[in-house]
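*Asks:* Please find one structure pasted underneath; my questions will follow.
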Amino acid sequence: MAQSTLDYLDANFDPIMDRLLAFVSIPSISADSNCHEAIEKAADWLVNELASAGMHSVTKFRTEHNPLVYAEWLDAPGKPTVLVYGHYDVQPVDPLDKWKTDPFKPECRDGRIYARGVSDDKGPVLTAVEVTRAYLSTAGALPVNIKFLLEGEEEIGSPSIDEFMRTHSELLACDFVLSCDGAMWRISEPSLTVASRGSMSMEFSVYGPKKDLHSGRHGGAVANPLHALAELLASLHDPDGRIAVNGFYDQVAELSESERMAIRELPFDEKKYLEEVGSPEGFGEPGFSLLERNWARPTLEIVGMWGGYQGEGMKTVLPAEAHAKISCRLVPNQSPADIREKISRHLQEHRPAGVRLEIKESERGVPAYSVPENHIGLQTAKNVLKEIYQQEPIIVRIGATLPIAEAFRNYLKADTIFFSFSTADEDYHAPNEFFRVQRLKDGLRAWVLYFKELAAT
């Protein structure tokens with residue numbers, strides 16, 4: 001069966017490519033309110049493709065924001081039920097002048113498809129859809145039970161999906177989630193992501209005089225909010241990069257020696273990495289390697305700061321206010337609420353004289369996530385990648401946050417296995433995003449083998 005399904009995919013690869021090009025031509029930018037019609041069009045496109053593939057109960061669910069697309073095929077009694085997750089919304093295209101071609105007029109060159117969303121996440125989503133079509137067209141059945149949940153809000157933080165899971169937990173019940181999202185680490189070797197850091201973001205403002213003041217007439221008489229902001233932000237770290245907030249590291253789960261050894265043994269060239277990102281040298285918490293700091297240690301980053309005159313030339317004004325945004329990445333055992341409270345306390349205690357501090361309410365944040373090492377979905381992925389690439393996949397963590405995995409665990413009691421064939425170098429979220437044609441072929445074959453092996457297991 002698997003061979004005839006693979007033959008079907010080979011014979012129909014050109015139509016699959018045509019469908020992918022049509023899919024990525026839809027400008028489904030969730031952050032842009034002007035793209036509402038495109039969001040609806042992309043959801044409808046998926047509904048049509050899932051139905052034509054042979055999936056059952058294909059439904060477009062309304063939410064407060066963008067639609068969720070659901071489908072199921074549950075005619076494999078006694079076999080596992082897998083919930084396939086992905087998203088059809090894409091990032092904005094700015095800066096547009098950095099694109100070599102129109103981001104929504106896909107172009108194929110040098111074995112790559114260039115378009116916004118082709119790597120994150122439309123190419124990987126279509127891979128899963130096409131494999132179900134191939135199985136149902138050749139065998140008339142899938143090896144395991146499959147459900148699809150495809151959202152249109154991932155790029156804006158998935159504001160609707162928690163409530164949908166809470167109210168539709170029975171509909172979405174599964175043994176585990178197989179995610180189309182979540183790129184592999186590098187193109188040079190297959191990899192599986194088993195852990196991600198959590199996140200907590202906050203914004204605060206410093207207020208001084210009730211209005212902007214002439215810096216000559218009033219300078220030296222009242223506190224400058226920009227000076228106070230700079231002092232506050234500088235107080236958050238020691239000079240060597242360690243976070244200076246009292247209690248910040250109290251709950252941090254330390255890496256075991258075997259975990260540190262596993263990270264050290266990965267094929268990683270720090271010098272090459274620094275050259276790629278354009279940084280003269282690494283920096284961060286002392287006592288840890290670059291990968292350890294990036295994957296398994298918490299961070300506190302200043303991601304925005306503004307105030308005063310921003311235009312061309314000079315305006316000699318003492319600003320009335322200044323603002324900053326902070327983003328933290330968290331590791332196991334750290335609570336986003338606890339970290340927010342500790343940073344808030346630190347800011348209050350270090351507030352310079354002459355200014356008022358206001359901390360803006362923020363979302364609850366996301367804790368760190370990890371997949372159990374012996375999870376059947378993870379073991380199946382390892383076996384399939386070894387068969388596809390003829391080498392053992394490397395096990396990696398990521399420094400980013402995957403909030404959807406925590407949501408699935410909270411509401412469905414299901415772990416998430418990341419099985420995307422995008423790679424981290426494909427410029428998603430940036431100009432000239434691309435997806436390798438060979439990775440599309442690899443993904444199609446791998447998803448066929450995955451379902452077959454899972455059914456046998």
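For the structure tokens, the naming scheme is as follows: chains receive sequential letters (A, B, ...) according to their order of presentation, residues are indexed from 1 within each chain, and ligands are indexed from 1 in presentation order.
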Could I get the residues of stretch 321-439 of chain A with an atom no further than 9 Å from an atom of stretch 296-310 of chain A, each paired with its nearest atom pair and that distance in Å to one decimal, using only C-alpha atoms, sorted by chain and residue number, as a tab-separated table?
*Replies:*
residue	atom	partner	partner_atom	distance
A:Glu321	CA	A:Gly307	CA	6.3
A:Ala322	CA	A:Gly307	CA	4.4
A:His323	CA	A:Trp306	CA	5.4
A:Ala324	CA	A:Met305	CA	4.1
A:Lys325	CA	A:Gly304	CA	4.8
A:Ile326	CA	A:Ile302	CA	4.7
A:Ser327	CA	A:Glu301	CA	5.2
A:Cys328	CA	A:Leu300	CA	4.4
A:Arg329	CA	A:Thr299	CA	5.1
A:Leu330	CA	A:Pro298	CA	4.7
A:Val331	CA	A:Pro298	CA	5.7
A:Pro332	CA	A:Ala296	CA	8.6
A:Gln334	CA	A:Pro298	CA	8.8
A:Arg397	CA	A:Ala296	CA	7.9
A:Ile398	CA	A:Ala296	CA	8.3
A:Gly399	CA	A:Ala296	CA	7.3
*Asks:* Which of these, A:Ile376, A:Met200, A:Ile156, A:Ile395, has the shortest distance to A:Ala262 once you count only C-alpha atoms?
*Replies:*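 Once distances to A:Ala262 are computed over only C-alpha atoms, the minimum belongs to A:Ile395.
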*Asks:* Return the single residue from A:Asp89, A:Glu361, A:Asp120, A:Glu259 that is closest to A:Phe204, with distances computed using only C-alpha atoms.
*Replies:*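 Looking only at the distances to A:Phe204, the closest residue turns out to be A:Glu361.
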*Asks:* Under the rule that only C-alpha atoms are counted, which of A:Thr380, A:Ser160, A:Ser289, A:Ser279 is the nearest residue to A:Ile263?
*Replies:*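 Of the candidates, the smallest distance to A:Ile263 is held by A:Ser289.
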*Asks:* Set the distance at 8 Å and use only C-alpha atoms: which residues neighbour A:Arg340 once local chain neighbours fewer than 3 positions away are removed? I'd like the list as a PDB file with N, CA and C atoms, in the first residue's frame.
*Replies:*
ATOM      1  N   MET A 200       7.455  35.406  28.331  1.00  0.00           N
ATOM      2  CA  MET A 200       6.704  36.391  29.096  1.00  0.00           C
ATOM      3  C   MET A 200       7.126  37.759  28.584  1.00  0.00           C
ATOM      4  N   MET A 202       6.336  42.131  28.609  1.00  0.00           N
ATOM      5  CA  MET A 202       5.710  43.215  29.355  1.00  0.00           C
ATOM      6  C   MET A 202       6.181  44.557  28.809  1.00  0.00           C
ATOM      7  N   PRO A 336       5.566  32.177  34.130  1.00  0.00           N
ATOM      8  CA  PRO A 336       5.495  33.518  33.548  1.00  0.00           C
ATOM      9  C   PRO A 336       4.960  34.565  34.524  1.00  0.00           C
ATOM     10  N   ALA A 337       3.932  34.212  35.303  1.00  0.00           N
ATOM     11  CA  ALA A 337       3.361  35.168  36.261  1.00  0.00           C
ATOM     12  C   ALA A 337       4.370  35.522  37.347  1.00  0.00           C
ATOM     13  N   ILE A 343      10.082  40.979  38.026  1.00  0.00           N
ATOM     14  CA  ILE A 343      10.600  42.095  37.243  1.00  0.00           C
ATOM     15  C   ILE A 343       9.891  43.391  37.635  1.00  0.00           C
ATOM     16  N   SER A 344       8.568  43.313  37.843  1.00  0.00           N
ATOM     17  CA  SER A 344       7.815  44.497  38.260  1.00  0.00           C
ATOM     18  C   SER A 344       8.342  45.038  39.583  1.00  0.00           C
TER      19      SER A 344
END
*Asks:* Name all residues at most 6 Å from stretch 163-177 of chain A (count only C-alpha atoms; drop same-chain ones fewer than 2 positions away) and give them as a list in words.
*Replies:*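 Everything that qualifies: Thr81, Val82, Leu83, Val84, Ser160, Ile161, Tyr411, Ala414, Asp415 and Thr416 of chain A.
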*Asks:* Skip A:Ser57 itself and residues of its chain fewer than 3 positions away, then list as a list in words all residues within 12 Å of it, counting only C-alpha atoms.
*Replies:*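 The filter keeps Val47, Asn48, Leu50, Ala51, Ser52, Gly54, Lys60, Phe61, Val69, Tyr70, Ala71, Glu72, Trp73, Leu74, Ile146, Lys147, Phe148, Leu149 and Leu171 of chain A.
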*Asks:* If you keep C-alpha atoms, can you produce a file of those selected residues as a PDB file, in the first residue's frame?
*Replies:*
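And here is the file that came out, result.pdb:
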ATOM      1  CA  VAL A  47     -12.005  23.386   3.099  1.00  0.00           C
ATOM      2  CA  ASN A  48     -12.275  22.582  -0.607  1.00  0.00           C
ATOM      3  CA  LEU A  50      -9.656  18.641   2.368  1.00  0.00           C
ATOM      4  CA  ALA A  51     -13.093  17.714   1.036  1.00  0.00           C
ATOM      5  CA  SER A  52     -11.738  16.812  -2.398  1.00  0.00           C
ATOM      6  CA  GLY A  54     -11.730  12.580   0.848  1.00  0.00           C
ATOM      7  CA  LYS A  60     -14.996  26.079   8.801  1.00  0.00           C
ATOM      8  CA  PHE A  61     -15.544  27.150  12.402  1.00  0.00           C
ATOM      9  CA  VAL A  69     -10.653  24.636   9.587  1.00  0.00           C
ATOM     10  CA  TYR A  70     -11.441  21.149  10.871  1.00  0.00           C
ATOM     11  CA  ALA A  71     -11.648  17.771   9.116  1.00  0.00           C
ATOM     12  CA  GLU A  72     -11.567  14.128  10.168  1.00  0.00           C
ATOM     13  CA  TRP A  73     -11.277  10.569   8.931  1.00  0.00           C
ATOM     14  CA  LEU A  74     -12.003   8.085  11.736  1.00  0.00           C
ATOM     15  CA  ILE A 146      -6.680  11.552  11.332  1.00  0.00           C
ATOM     16  CA  LYS A 147      -8.101  14.900  12.413  1.00  0.00           C
ATOM     17  CA  PHE A 148      -7.023  18.281  11.030  1.00  0.00           C
ATOM     18  CA  LEU A 149      -7.021  21.566  12.925  1.00  0.00           C
ATOM     19  CA  LEU A 171     -14.179  16.864  18.981  1.00  0.00           C
TER      20      LEU A 171
END
*Asks:* What lies within 10 Å of A:Arg351 using only C-alpha atoms, ignoring chain neighbours under 4 positions off, as a PyMOL selection string?
*Replies:* chain A and resi 206+228-229+231-232+235+345-347+355-357
*Asks:* How about saving the chosen residues, N, CA and C atoms kept, as a PDB file, in the first residue's frame?
*Replies:*
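out.pdb, freshly written:
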ATOM      1  N   VAL A 206       7.765  55.408  31.803  1.00  0.00           N
ATOM      2  CA  VAL A 206       8.275  56.311  32.830  1.00  0.00           C
ATOM      3  C   VAL A 206       7.757  57.716  32.508  1.00  0.00           C
ATOM      4  N   ALA A 228      15.925  58.257  33.120  1.00  0.00           N
ATOM      5  CA  ALA A 228      15.400  57.289  34.092  1.00  0.00           C
ATOM      6  C   ALA A 228      15.173  55.933  33.441  1.00  0.00           C
ATOM      7  N   LEU A 229      14.650  55.937  32.206  1.00  0.00           N
ATOM      8  CA  LEU A 229      14.427  54.680  31.485  1.00  0.00           C
ATOM      9  C   LEU A 229      15.742  53.955  31.255  1.00  0.00           C
ATOM     10  N   GLU A 231      18.470  54.166  32.947  1.00  0.00           N
ATOM     11  CA  GLU A 231      18.965  53.668  34.238  1.00  0.00           C
ATOM     12  C   GLU A 231      18.217  52.402  34.657  1.00  0.00           C
ATOM     13  N   LEU A 232      16.908  52.405  34.474  1.00  0.00           N
ATOM     14  CA  LEU A 232      16.117  51.229  34.820  1.00  0.00           C
ATOM     15  C   LEU A 232      16.505  50.024  33.971  1.00  0.00           C
ATOM     16  N   SER A 235      19.748  48.464  34.869  1.00  0.00           N
ATOM     17  CA  SER A 235      19.757  47.764  36.158  1.00  0.00           C
ATOM     18  C   SER A 235      19.314  46.310  36.045  1.00  0.00           C
ATOM     19  N   ARG A 345       8.621  44.128  40.519  1.00  0.00           N
ATOM     20  CA  ARG A 345       9.143  44.540  41.823  1.00  0.00           C
ATOM     21  C   ARG A 345      10.527  45.193  41.665  1.00  0.00           C
ATOM     22  N   HIS A 346      11.341  44.595  40.804  1.00  0.00           N
ATOM     23  CA  HIS A 346      12.674  45.153  40.556  1.00  0.00           C
ATOM     24  C   HIS A 346      12.566  46.580  39.990  1.00  0.00           C
ATOM     25  N   LEU A 347      11.678  46.772  39.017  1.00  0.00           N
ATOM     26  CA  LEU A 347      11.524  48.097  38.412  1.00  0.00           C
ATOM     27  C   LEU A 347      11.052  49.118  39.447  1.00  0.00           C
ATOM     28  N   VAL A 355      10.456  60.566  38.845  1.00  0.00           N
ATOM     29  CA  VAL A 355       9.604  60.038  37.777  1.00  0.00           C
ATOM     30  C   VAL A 355       8.586  59.068  38.366  1.00  0.00           C
ATOM     31  N   ARG A 356       7.522  58.863  37.595  1.00  0.00           N
ATOM     32  CA  ARG A 356       6.481  57.897  37.961  1.00  0.00           C
ATOM     33  C   ARG A 356       6.568  56.699  37.008  1.00  0.00           C
ATOM     34  N   LEU A 357       6.455  55.496  37.561  1.00  0.00           N
ATOM     35  CA  LEU A 357       6.536  54.268  36.772  1.00  0.00           C
ATOM     36  C   LEU A 357       5.151  53.666  36.598  1.00  0.00           C
TER      37      LEU A 357
END
*Asks:* Find the spatial neighbours of A:Gln438, counting only C-alpha atoms, within a cut-off of 10 Å - ignore same-chain residues fewer than 4 positions away - and output them as a PyMOL selection string.
*Replies:* chain A and resi 111-112+421+442-444
*Asks:* Counting only C-alpha atoms, which of A:Ala381, A:Leu226, A:Leu449, A:Ala195 gets nearest to A:Thr132?
*Replies:*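 Nearest to A:Thr132: A:Leu449.
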